[in-house]
Amino acid sequence: MIKIIVPVKQVPETKSVKMDEATGTVIRQGVESIINPLDLYAIEAAIMLKEQYGGEITVVSMGPPQAEDAIREAIAMGADSGILVSDKAFAGSDTWATACILSEAIKRSGGYDLIICGERATDGDTGQVGPAIACRLNLPAATYINHIESVAGNECRLGRMVENGTEKLTMKLPGLITVVKEAGNPRLPTLRGKLKAKKQEIPVYNQEILQLDAGSIGLKGSPTRVVKIFKPKVGRECRMFQAADDKQLAGALDELMKFLEHKEPVCR
Ligand SMILES: Cc1cc2nc3c(=O)[nH]c(=O)nc-3n(C[C@H](O)[C@H](O)[C@H](O)COP(=O)(O)OP(=O)(O)OC[C@H]3O[C@@H](n4cnc5c(N)ncnc54)[C@H](O)[C@@H]3O)c2cc1C
């Protein structure tokens, strides 16, 4: 029996991500939201472990009330329960404050052996929240996991994606991993799962329940700030190396090679 927590994030549908240039934050109003596609692999990895060893999967999502949809989708796939972490006081949190809030919610969720996060969220895209939760909960963490080989006693054997292959490692439990796509091909929700998800009660953990220090949540608890957001401007210059006949060709090529060797890429 293994108790698994899967933090999932609801993100704007990729094609419609828009940023507020004045505040540096993602515009979420009026934008279609989906479960972070990379979190589907974390859910799948958790379901495969549950099928092998038995246990329980709890999905935790921090976000506005509609993040409940992401939790229900995970339950429809095969998770057992979910917790929505939501409060206006949590708004403006950076990755460190997000991890602080999620950690407190996880602590109160009824125990865990393994926390499985996605590799990164497709909007914020930092990949920081998973390792930061481990840090906050004082847990060992292993990132880029592509294979969970076994879970036995208080440790699990893992495969970790590295540049030229897979690194094998053993991690003590309780612990946290972030998984990559190779960890499991996400299954589709079943009809039975959808019915269960529809009926399931999703508790909401707000600031009144979590009682977090006001200095560690929201903008106040965020040590980082988005100071500016901009699209990189890529400039192009055209220079011709001309050769009117074969005789001039070698000279032109020579000139071109010299130019390429010394030219810095143009990026403003
Ligand atoms: C400097 C800075 C300032 C920010 N300020 C604001 C702000 O003012 N307002 C605002 O709305 N956002 C803000 N954000 C965005 C906010 O911090 C992120 O949405 C959030 O911390 C998640 O980070 P990420 O998207 O990079 O997730 P990643 O670290 O890329 O996500 C990795 C994994 O962590 C888990 N995870 C991540 N987020 C959640 C979540 N919310 N619930 C459950 N699981 C989760 C998932 O398993 C996910 O796959 C800010 C971000 C930064 C870096």
# chains A, B, ... in the order shown; residues from 1 in each chain; ligands from 1
>>> residues_around(residues="Val162 in chain A", least_positions_apart="3", cutoff="10 Å", atoms="only C-alpha atoms", output="JSON, numbers by chain")
{"A": [144, 145, 146, 159, 165, 166, 167]}
>>> select_by_dssp(residues="range 94-166 of chain A", states="alpha helix (DSSP H)", output="PDB file with all heavy atoms, in the first residue's frame")
ATOM      1  N   THR A  95       7.008  30.969  -7.208  1.00  0.00           N
ATOM      2  CA  THR A  95       7.145  29.509  -7.066  1.00  0.00           C
ATOM      3  C   THR A  95       7.452  29.097  -5.616  1.00  0.00           C
ATOM      4  O   THR A  95       6.986  28.069  -5.146  1.00  0.00           O
ATOM      5  CB  THR A  95       8.254  28.978  -7.989  1.00  0.00           C
ATOM      6  OG1 THR A  95       9.444  29.719  -7.754  1.00  0.00           O
ATOM      7  CG2 THR A  95       7.878  29.144  -9.444  1.00  0.00           C
ATOM      8  N   TRP A  96       8.230  29.912  -4.906  1.00  0.00           N
ATOM      9  CA  TRP A  96       8.615  29.581  -3.530  1.00  0.00           C
ATOM     10  C   TRP A  96       7.398  29.650  -2.603  1.00  0.00           C
ATOM     11  O   TRP A  96       7.158  28.753  -1.786  1.00  0.00           O
ATOM     12  CB  TRP A  96       9.728  30.542  -3.079  1.00  0.00           C
ATOM     13  CG  TRP A  96      10.275  30.294  -1.714  1.00  0.00           C
ATOM     14  CD1 TRP A  96      10.290  31.181  -0.677  1.00  0.00           C
ATOM     15  CD2 TRP A  96      10.904  29.097  -1.224  1.00  0.00           C
ATOM     16  NE1 TRP A  96      10.881  30.611   0.421  1.00  0.00           N
ATOM     17  CE2 TRP A  96      11.278  29.332   0.115  1.00  0.00           C
ATOM     18  CE3 TRP A  96      11.173  27.848  -1.785  1.00  0.00           C
ATOM     19  CZ2 TRP A  96      11.904  28.372   0.905  1.00  0.00           C
ATOM     20  CZ3 TRP A  96      11.807  26.885  -0.994  1.00  0.00           C
ATOM     21  CH2 TRP A  96      12.166  27.152   0.330  1.00  0.00           C
ATOM     22  N   ALA A  97       6.599  30.722  -2.760  1.00  0.00           N
ATOM     23  CA  ALA A  97       5.393  30.864  -1.932  1.00  0.00           C
ATOM     24  C   ALA A  97       4.368  29.782  -2.297  1.00  0.00           C
ATOM     25  O   ALA A  97       3.688  29.233  -1.429  1.00  0.00           O
ATOM     26  CB  ALA A  97       4.799  32.252  -2.119  1.00  0.00           C
ATOM     27  N   THR A  98       4.266  29.473  -3.612  1.00  0.00           N
ATOM     28  CA  THR A  98       3.360  28.397  -4.051  1.00  0.00           C
ATOM     29  C   THR A  98       3.742  27.091  -3.362  1.00  0.00           C
ATOM     30  O   THR A  98       2.888  26.352  -2.851  1.00  0.00           O
ATOM     31  CB  THR A  98       3.438  28.211  -5.593  1.00  0.00           C
ATOM     32  OG1 THR A  98       3.067  29.439  -6.216  1.00  0.00           O
ATOM     33  CG2 THR A  98       2.516  27.112  -6.075  1.00  0.00           C
ATOM     34  N   ALA A  99       5.045  26.814  -3.343  1.00  0.00           N
ATOM     35  CA  ALA A  99       5.523  25.572  -2.717  1.00  0.00           C
ATOM     36  C   ALA A  99       5.235  25.572  -1.214  1.00  0.00           C
ATOM     37  O   ALA A  99       4.901  24.533  -0.636  1.00  0.00           O
ATOM     38  CB  ALA A  99       7.017  25.411  -2.973  1.00  0.00           C
ATOM     39  N   CYS A 100       5.322  26.744  -0.598  1.00  0.00           N
ATOM     40  CA  CYS A 100       5.047  26.858   0.842  1.00  0.00           C
ATOM     41  C   CYS A 100       3.587  26.489   1.111  1.00  0.00           C
ATOM     42  O   CYS A 100       3.276  25.704   2.012  1.00  0.00           O
ATOM     43  CB  CYS A 100       5.354  28.288   1.280  1.00  0.00           C
ATOM     44  SG  CYS A 100       4.697  28.723   2.878  1.00  0.00           S
ATOM     45  N   ILE A 101       2.697  27.033   0.287  1.00  0.00           N
ATOM     46  CA  ILE A 101       1.251  26.803   0.479  1.00  0.00           C
ATOM     47  C   ILE A 101       0.906  25.339   0.192  1.00  0.00           C
ATOM     48  O   ILE A 101       0.206  24.676   0.961  1.00  0.00           O
ATOM     49  CB  ILE A 101       0.441  27.770  -0.431  1.00  0.00           C
ATOM     50  CG1 ILE A 101       0.744  29.215  -0.045  1.00  0.00           C
ATOM     51  CG2 ILE A 101      -1.053  27.485  -0.326  1.00  0.00           C
ATOM     52  CD1 ILE A 101       0.381  30.248  -1.117  1.00  0.00           C
ATOM     53  N   LEU A 102       1.429  24.826  -0.935  1.00  0.00           N
ATOM     54  CA  LEU A 102       1.137  23.426  -1.290  1.00  0.00           C
ATOM     55  C   LEU A 102       1.696  22.466  -0.229  1.00  0.00           C
ATOM     56  O   LEU A 102       1.052  21.475   0.114  1.00  0.00           O
ATOM     57  CB  LEU A 102       1.729  23.087  -2.664  1.00  0.00           C
ATOM     58  CG  LEU A 102       0.956  23.635  -3.867  1.00  0.00           C
ATOM     59  CD1 LEU A 102       1.751  23.440  -5.154  1.00  0.00           C
ATOM     60  CD2 LEU A 102      -0.412  22.949  -4.000  1.00  0.00           C
ATOM     61  N   SER A 103       2.866  22.776   0.301  1.00  0.00           N
ATOM     62  CA  SER A 103       3.476  21.902   1.317  1.00  0.00           C
ATOM     63  C   SER A 103       2.595  21.811   2.552  1.00  0.00           C
ATOM     64  O   SER A 103       2.410  20.738   3.124  1.00  0.00           O
ATOM     65  CB  SER A 103       4.842  22.424   1.760  1.00  0.00           C
ATOM     66  OG  SER A 103       5.633  22.653   0.666  1.00  0.00           O
ATOM     67  N   GLU A 104       2.071  22.957   2.965  1.00  0.00           N
ATOM     68  CA  GLU A 104       1.224  22.963   4.157  1.00  0.00           C
ATOM     69  C   GLU A 104      -0.050  22.144   3.895  1.00  0.00           C
ATOM     70  O   GLU A 104      -0.498  21.385   4.755  1.00  0.00           O
ATOM     71  CB  GLU A 104       0.875  24.413   4.541  1.00  0.00           C
ATOM     72  CG  GLU A 104       0.244  24.579   5.902  1.00  0.00           C
ATOM     73  CD  GLU A 104       1.068  23.997   7.057  1.00  0.00           C
ATOM     74  OE1 GLU A 104       2.307  24.064   7.009  1.00  0.00           O
ATOM     75  OE2 GLU A 104       0.442  23.454   7.994  1.00  0.00           O
ATOM     76  N   ALA A 105      -0.603  22.292   2.687  1.00  0.00           N
ATOM     77  CA  ALA A 105      -1.806  21.521   2.338  1.00  0.00           C
ATOM     78  C   ALA A 105      -1.485  20.026   2.324  1.00  0.00           C
ATOM     79  O   ALA A 105      -2.267  19.212   2.822  1.00  0.00           O
ATOM     80  CB  ALA A 105      -2.322  21.969   0.967  1.00  0.00           C
ATOM     81  N   ILE A 106      -0.319  19.675   1.782  1.00  0.00           N
ATOM     82  CA  ILE A 106       0.087  18.253   1.711  1.00  0.00           C
ATOM     83  C   ILE A 106       0.269  17.688   3.123  1.00  0.00           C
ATOM     84  O   ILE A 106      -0.154  16.576   3.418  1.00  0.00           O
ATOM     85  CB  ILE A 106       1.365  18.107   0.848  1.00  0.00           C
ATOM     86  CG1 ILE A 106       1.022  18.381  -0.624  1.00  0.00           C
ATOM     87  CG2 ILE A 106       1.995  16.734   1.005  1.00  0.00           C
ATOM     88  CD1 ILE A 106       2.221  18.528  -1.559  1.00  0.00           C
ATOM     89  N   LYS A 107       0.860  18.491   4.014  1.00  0.00           N
ATOM     90  CA  LYS A 107       1.062  18.058   5.400  1.00  0.00           C
ATOM     91  C   LYS A 107      -0.256  17.691   6.059  1.00  0.00           C
ATOM     92  O   LYS A 107      -0.346  16.793   6.884  1.00  0.00           O
ATOM     93  CB  LYS A 107       1.678  19.213   6.207  1.00  0.00           C
ATOM     94  CG  LYS A 107       3.168  19.170   6.331  1.00  0.00           C
ATOM     95  CD  LYS A 107       3.572  20.145   7.411  1.00  0.00           C
ATOM     96  CE  LYS A 107       4.836  20.871   7.026  1.00  0.00           C
ATOM     97  NZ  LYS A 107       5.031  22.111   7.806  1.00  0.00           N
ATOM     98  N   VAL A 129       8.581  24.233  -8.659  1.00  0.00           N
ATOM     99  CA  VAL A 129       7.638  23.960  -7.559  1.00  0.00           C
ATOM    100  C   VAL A 129       7.867  22.580  -6.929  1.00  0.00           C
ATOM    101  O   VAL A 129       7.876  22.451  -5.697  1.00  0.00           O
ATOM    102  CB  VAL A 129       6.176  24.142  -8.029  1.00  0.00           C
ATOM    103  CG1 VAL A 129       5.194  23.669  -6.980  1.00  0.00           C
ATOM    104  CG2 VAL A 129       5.919  25.622  -8.345  1.00  0.00           C
ATOM    105  N   GLY A 130       8.087  21.545  -7.756  1.00  0.00           N
ATOM    106  CA  GLY A 130       8.317  20.202  -7.203  1.00  0.00           C
ATOM    107  C   GLY A 130       9.486  20.190  -6.222  1.00  0.00           C
ATOM    108  O   GLY A 130       9.298  19.918  -5.024  1.00  0.00           O
ATOM    109  N   PRO A 131      10.710  20.510  -6.699  1.00  0.00           N
ATOM    110  CA  PRO A 131      11.853  20.512  -5.777  1.00  0.00           C
ATOM    111  C   PRO A 131      11.659  21.451  -4.577  1.00  0.00           C
ATOM    112  O   PRO A 131      12.119  21.164  -3.472  1.00  0.00           O
ATOM    113  CB  PRO A 131      13.014  20.983  -6.662  1.00  0.00           C
ATOM    114  CG  PRO A 131      12.609  20.571  -8.042  1.00  0.00           C
ATOM    115  CD  PRO A 131      11.117  20.722  -8.097  1.00  0.00           C
ATOM    116  N   ALA A 132      10.939  22.566  -4.785  1.00  0.00           N
ATOM    117  CA  ALA A 132      10.722  23.497  -3.659  1.00  0.00           C
ATOM    118  C   ALA A 132       9.789  22.885  -2.611  1.00  0.00           C
ATOM    119  O   ALA A 132       9.963  23.114  -1.407  1.00  0.00           O
ATOM    120  CB  ALA A 132      10.164  24.822  -4.172  1.00  0.00           C
ATOM    121  N   ILE A 133       8.818  22.083  -3.046  1.00  0.00           N
ATOM    122  CA  ILE A 133       7.952  21.388  -2.076  1.00  0.00           C
ATOM    123  C   ILE A 133       8.810  20.421  -1.256  1.00  0.00           C
ATOM    124  O   ILE A 133       8.698  20.343  -0.027  1.00  0.00           O
ATOM    125  CB  ILE A 133       6.810  20.612  -2.791  1.00  0.00           C
ATOM    126  CG1 ILE A 133       5.819  21.566  -3.458  1.00  0.00           C
ATOM    127  CG2 ILE A 133       6.071  19.700  -1.808  1.00  0.00           C
ATOM    128  CD1 ILE A 133       4.744  20.883  -4.312  1.00  0.00           C
ATOM    129  N   ALA A 134       9.693  19.686  -1.951  1.00  0.00           N
ATOM    130  CA  ALA A 134      10.573  18.742  -1.245  1.00  0.00           C
ATOM    131  C   ALA A 134      11.411  19.473  -0.210  1.00  0.00           C
ATOM    132  O   ALA A 134      11.579  19.018   0.929  1.00  0.00           O
ATOM    133  CB  ALA A 134      11.468  18.025  -2.246  1.00  0.00           C
ATOM    134  N   CYS A 135      11.901  20.645  -0.609  1.00  0.00           N
ATOM    135  CA  CYS A 135      12.732  21.453   0.288  1.00  0.00           C
ATOM    136  C   CYS A 135      11.918  21.878   1.512  1.00  0.00           C
ATOM    137  O   CYS A 135      12.358  21.746   2.649  1.00  0.00           O
ATOM    138  CB  CYS A 135      13.229  22.646  -0.508  1.00  0.00           C
ATOM    139  SG  CYS A 135      14.385  23.662   0.343  1.00  0.00           S
ATOM    140  N   ARG A 136      10.699  22.364   1.257  1.00  0.00           N
ATOM    141  CA  ARG A 136       9.828  22.818   2.350  1.00  0.00           C
ATOM    142  C   ARG A 136       9.461  21.673   3.301  1.00  0.00           C
ATOM    143  O   ARG A 136       9.292  21.877   4.492  1.00  0.00           O
ATOM    144  CB  ARG A 136       8.534  23.407   1.776  1.00  0.00           C
ATOM    145  CG  ARG A 136       8.717  24.730   1.059  1.00  0.00           C
ATOM    146  CD  ARG A 136       8.705  25.866   2.041  1.00  0.00           C
ATOM    147  NE  ARG A 136       8.620  27.152   1.383  1.00  0.00           N
ATOM    148  CZ  ARG A 136       8.601  28.307   2.050  1.00  0.00           C
ATOM    149  NH1 ARG A 136       8.661  28.334   3.357  1.00  0.00           N
ATOM    150  NH2 ARG A 136       8.525  29.440   1.398  1.00  0.00           N
TER     151      ARG A 136
END
>>> residues_near_ligand(ligand="ligand 1", cutoff="6 Å", atoms="only C-alpha atoms and all ligand atoms", output="CSV table (one decimal) with all heavy atoms, in the first residue's frame")
chain,number,residue,atom,x,y,z
A,7,PRO,N,0.5,16.7,-7.1
A,7,PRO,CA,0.1,18.1,-7.2
A,7,PRO,C,-0.1,18.4,-8.7
A,7,PRO,O,0.7,18.1,-9.6
A,7,PRO,CB,1.4,18.9,-6.8
A,7,PRO,CG,2.2,17.9,-6.0
A,7,PRO,CD,1.9,16.6,-6.6
A,8,VAL,N,-1.3,18.9,-9.1
A,8,VAL,CA,-1.5,19.3,-10.5
A,8,VAL,C,-1.9,20.7,-10.6
A,8,VAL,O,-2.6,21.3,-9.7
A,8,VAL,CB,-2.6,18.4,-11.1
A,8,VAL,CG1,-2.3,16.9,-11.0
A,8,VAL,CG2,-4.0,18.7,-10.5
A,9,LYS,N,-1.5,21.3,-11.7
A,9,LYS,CA,-1.8,22.7,-11.9
A,9,LYS,C,-2.7,22.9,-13.1
A,9,LYS,O,-2.6,22.2,-14.1
A,9,LYS,CB,-0.5,23.5,-12.2
A,9,LYS,CG,-0.6,25.0,-12.3
A,9,LYS,CD,0.7,25.7,-12.6
A,9,LYS,CE,0.4,27.2,-12.6
A,9,LYS,NZ,1.6,27.9,-13.2
A,25,THR,N,2.1,39.2,-15.0
A,25,THR,CA,1.5,37.9,-14.7
A,25,THR,C,0.6,37.4,-15.8
A,25,THR,O,0.3,38.1,-16.7
A,25,THR,CB,0.6,38.1,-13.4
A,25,THR,OG1,-0.4,39.1,-13.7
A,25,THR,CG2,1.4,38.5,-12.2
A,39,ASP,N,1.4,17.2,-16.3
A,39,ASP,CA,0.9,16.6,-15.0
A,39,ASP,C,0.1,15.3,-15.3
A,39,ASP,O,0.0,14.4,-14.4
A,39,ASP,CB,0.0,17.5,-14.2
A,39,ASP,CG,0.8,18.7,-13.7
A,39,ASP,OD1,2.1,18.6,-13.7
A,39,ASP,OD2,0.2,19.7,-13.2
A,60,VAL,N,-3.7,17.3,-5.5
A,60,VAL,CA,-3.8,18.6,-4.8
A,60,VAL,C,-3.5,19.7,-5.9
A,60,VAL,O,-2.6,19.6,-6.6
A,60,VAL,CB,-2.7,18.8,-3.7
A,60,VAL,CG1,-2.8,20.1,-3.0
A,60,VAL,CG2,-2.8,17.6,-2.7
A,61,SER,N,-4.4,20.7,-5.9
A,61,SER,CA,-4.2,21.8,-6.9
A,61,SER,C,-4.5,23.1,-6.2
A,61,SER,O,-5.4,23.3,-5.5
A,61,SER,CB,-5.2,21.6,-8.1
A,61,SER,OG,-4.8,22.6,-9.1
A,62,MET,N,-3.5,24.0,-6.4
A,62,MET,CA,-3.7,25.4,-5.9
A,62,MET,C,-4.1,26.3,-7.1
A,62,MET,O,-3.4,26.3,-8.1
A,62,MET,CB,-2.4,25.9,-5.3
A,62,MET,CG,-2.4,27.3,-4.9
A,62,MET,SD,-0.9,27.8,-4.1
A,62,MET,CE,-0.7,29.4,-4.7
A,63,GLY,N,-5.1,27.1,-6.9
A,63,GLY,CA,-5.5,27.9,-8.0
A,63,GLY,C,-6.9,28.5,-7.6
A,63,GLY,O,-7.4,28.3,-6.5
A,91,ALA,N,-3.0,34.7,-3.9
A,91,ALA,CA,-2.8,35.3,-5.2
A,91,ALA,C,-1.4,36.0,-5.2
A,91,ALA,O,-1.0,36.6,-4.2
A,91,ALA,CB,-3.9,36.2,-5.6
A,92,GLY,N,-0.8,36.0,-6.4
A,92,GLY,CA,0.5,36.7,-6.6
A,92,GLY,C,1.7,35.9,-6.1
A,92,GLY,O,2.8,36.4,-6.1
A,93,SER,N,1.5,34.7,-5.6
A,93,SER,CA,2.6,33.8,-5.1
A,93,SER,C,3.5,33.5,-6.2
A,93,SER,O,3.1,33.1,-7.3
A,93,SER,CB,2.0,32.6,-4.4
A,93,SER,OG,1.2,32.8,-3.3
A,94,ASP,N,4.8,33.6,-5.9
A,94,ASP,CA,5.8,33.1,-6.9
A,94,ASP,C,6.0,31.6,-6.6
A,94,ASP,O,5.3,31.0,-5.8
A,94,ASP,CB,7.1,33.9,-6.8
A,94,ASP,CG,7.9,33.7,-5.6
A,94,ASP,OD1,7.4,33.0,-4.7
A,94,ASP,OD2,9.0,34.3,-5.4
A,95,THR,N,7.0,31.0,-7.2
A,95,THR,CA,7.1,29.5,-7.1
A,95,THR,C,7.5,29.1,-5.6
A,95,THR,O,7.0,28.1,-5.1
A,95,THR,CB,8.3,29.0,-8.0
A,95,THR,OG1,9.4,29.7,-7.8
A,95,THR,CG2,7.9,29.1,-9.4
A,98,THR,N,4.3,29.5,-3.6
A,98,THR,CA,3.4,28.4,-4.1
A,98,THR,C,3.7,27.1,-3.4
A,98,THR,O,2.9,26.4,-2.9
A,98,THR,CB,3.4,28.2,-5.6
A,98,THR,OG1,3.1,29.4,-6.2
A,98,THR,CG2,2.5,27.1,-6.1
A,117,CYS,N,5.2,14.9,-9.0
A,117,CYS,CA,4.9,16.2,-9.7
A,117,CYS,C,5.2,16.0,-11.2
A,117,CYS,O,5.9,15.1,-11.6
A,117,CYS,CB,5.8,17.3,-9.2
A,117,CYS,SG,5.4,17.9,-7.5
A,118,GLY,N,4.6,16.9,-12.0
A,118,GLY,CA,5.0,17.0,-13.4
A,118,GLY,C,6.4,17.6,-13.5
A,118,GLY,O,6.9,18.1,-12.6
A,119,GLU,N,6.9,17.5,-14.7
A,119,GLU,CA,8.3,18.0,-14.9
A,119,GLU,C,8.3,19.5,-14.8
A,119,GLU,O,9.1,20.1,-14.2
A,119,GLU,CB,8.7,17.6,-16.3
A,119,GLU,CG,10.1,18.1,-16.7
A,119,GLU,CD,10.3,18.0,-18.2
A,119,GLU,OE1,9.6,17.2,-18.9
A,119,GLU,OE2,11.2,18.8,-18.7
A,120,ARG,N,7.2,20.2,-15.3
A,120,ARG,CA,7.1,21.6,-15.3
A,120,ARG,C,5.7,22.0,-15.7
A,120,ARG,O,5.0,21.1,-16.4
A,120,ARG,CB,8.1,22.3,-16.1
A,120,ARG,CG,8.0,21.9,-17.6
A,120,ARG,CD,9.2,22.4,-18.4
A,120,ARG,NE,9.2,21.6,-19.6
A,120,ARG,CZ,8.4,21.9,-20.7
A,120,ARG,NH1,7.6,22.9,-20.6
A,120,ARG,NH2,8.5,21.2,-21.8
A,121,ALA,N,5.3,23.2,-15.4
A,121,ALA,CA,4.0,23.6,-15.9
A,121,ALA,C,4.1,24.4,-17.2
A,121,ALA,O,5.1,25.1,-17.4
A,121,ALA,CB,3.3,24.6,-14.9
A,123,ASP,N,2.7,26.9,-18.4
A,123,ASP,CA,2.7,28.4,-18.4
A,123,ASP,C,3.8,29.0,-17.7
A,123,ASP,O,4.6,29.7,-18.3
A,123,ASP,CB,1.3,28.9,-17.9
A,123,ASP,CG,1.0,28.4,-16.5
A,123,ASP,OD1,1.7,27.5,-16.0
A,123,ASP,OD2,0.0,28.9,-15.9
A,124,GLY,N,4.0,28.7,-16.4
A,124,GLY,CA,5.1,29.3,-15.6
A,124,GLY,C,6.4,28.7,-16.1
A,124,GLY,O,7.4,29.4,-16.2
A,125,ASP,N,6.4,27.4,-16.3
A,125,ASP,CA,7.5,26.8,-17.0
A,125,ASP,C,8.9,26.8,-16.2
A,125,ASP,O,9.9,26.6,-16.8
A,125,ASP,CB,7.7,27.4,-18.4
A,125,ASP,CG,8.3,26.5,-19.4
A,125,ASP,OD1,8.3,25.3,-19.1
A,125,ASP,OD2,8.8,26.9,-20.5
A,126,THR,N,8.8,26.9,-14.9
A,126,THR,CA,10.1,27.0,-14.2
A,126,THR,C,10.6,25.6,-13.8
A,126,THR,O,11.8,25.4,-13.6
A,126,THR,CB,9.9,27.9,-12.9
A,126,THR,OG1,9.0,27.2,-12.0
A,126,THR,CG2,9.5,29.3,-13.2
A,127,GLY,N,9.7,24.7,-13.5
A,127,GLY,CA,10.1,23.4,-13.0
A,127,GLY,C,10.6,23.5,-11.5
A,127,GLY,O,11.3,22.6,-11.0
A,128,GLN,N,10.2,24.6,-10.9
A,128,GLN,CA,10.8,24.8,-9.5
A,128,GLN,C,9.9,24.3,-8.4
A,128,GLN,O,10.4,24.0,-7.3
A,128,GLN,CB,11.0,26.3,-9.3
A,128,GLN,CG,12.1,26.9,-10.1
A,128,GLN,CD,12.2,28.4,-10.0
A,128,GLN,OE1,11.4,29.0,-9.3
A,128,GLN,NE2,13.1,29.0,-10.7
A,129,VAL,N,8.6,24.2,-8.7
A,129,VAL,CA,7.6,24.0,-7.6
A,129,VAL,C,7.9,22.6,-6.9
A,129,VAL,O,7.9,22.5,-5.7
A,129,VAL,CB,6.2,24.1,-8.0
A,129,VAL,CG1,5.2,23.7,-7.0
A,129,VAL,CG2,5.9,25.6,-8.3
A,130,GLY,N,8.1,21.5,-7.8
A,130,GLY,CA,8.3,20.2,-7.2
A,130,GLY,C,9.5,20.2,-6.2
A,130,GLY,O,9.3,19.9,-5.0
A,224,THR,N,10.8,36.6,-5.3
A,224,THR,CA,11.1,37.0,-6.6
A,224,THR,C,9.9,37.9,-7.2
A,224,THR,O,8.8,37.8,-6.8
A,224,THR,CB,11.3,35.8,-7.6
A,224,THR,OG1,10.2,34.9,-7.4
A,224,THR,CG2,12.5,35.1,-7.3
A,225,ARG,N,10.2,38.8,-8.1
A,225,ARG,CA,9.3,39.6,-8.8
A,225,ARG,C,9.5,39.6,-10.3
A,225,ARG,O,10.6,39.6,-10.7
A,225,ARG,CB,9.4,41.1,-8.4
A,225,ARG,CG,9.0,41.4,-7.0
A,225,ARG,CD,7.5,41.7,-6.9
A,225,ARG,NE,7.2,42.0,-5.5
A,225,ARG,CZ,7.1,41.2,-4.5
A,225,ARG,NH1,7.3,39.9,-4.7
A,225,ARG,NH2,6.8,41.5,-3.3
A,226,VAL,N,8.4,39.6,-11.1
A,226,VAL,CA,8.6,39.7,-12.5
A,226,VAL,C,8.7,41.2,-12.7
A,226,VAL,O,7.8,42.0,-12.5
A,226,VAL,CB,7.3,39.2,-13.3
A,226,VAL,CG1,7.5,39.5,-14.8
A,226,VAL,CG2,7.1,37.7,-13.0
>>> closest_residue(among="A:Ala252, A:Leu139, A:His262, A:Gln207", to="Lys88 in chain A", atoms="only C-alpha atoms")
A:Gln207
>>> residues_around(residues="Ile47 in chain A", least_positions_apart="3", cutoff="8 Å", atoms="only C-alpha atoms", output="MDAnalysis selection string")
chainID A and resid 43:44 50:51 57 78:79
>>> select_by_dssp(residues="range 96-181 of chain A", states="strand (DSSP E)", output="JSON, numbers by chain")
{"A": [114, 115, 116, 117, 118, 141, 142, 143, 144, 145, 146, 147, 148, 149, 150, 151, 152, 155, 156, 157, 158, 159, 160, 161, 162, 165, 166, 167, 168, 169, 170, 171, 172, 175, 176, 177, 178, 179]}
>>> residues_around(residues="Ser86 in chain A", least_positions_apart="3", cutoff="7 Å", atoms="only C-alpha atoms", output="PyMOL selection string")
chain A and resi 62-65+204-206
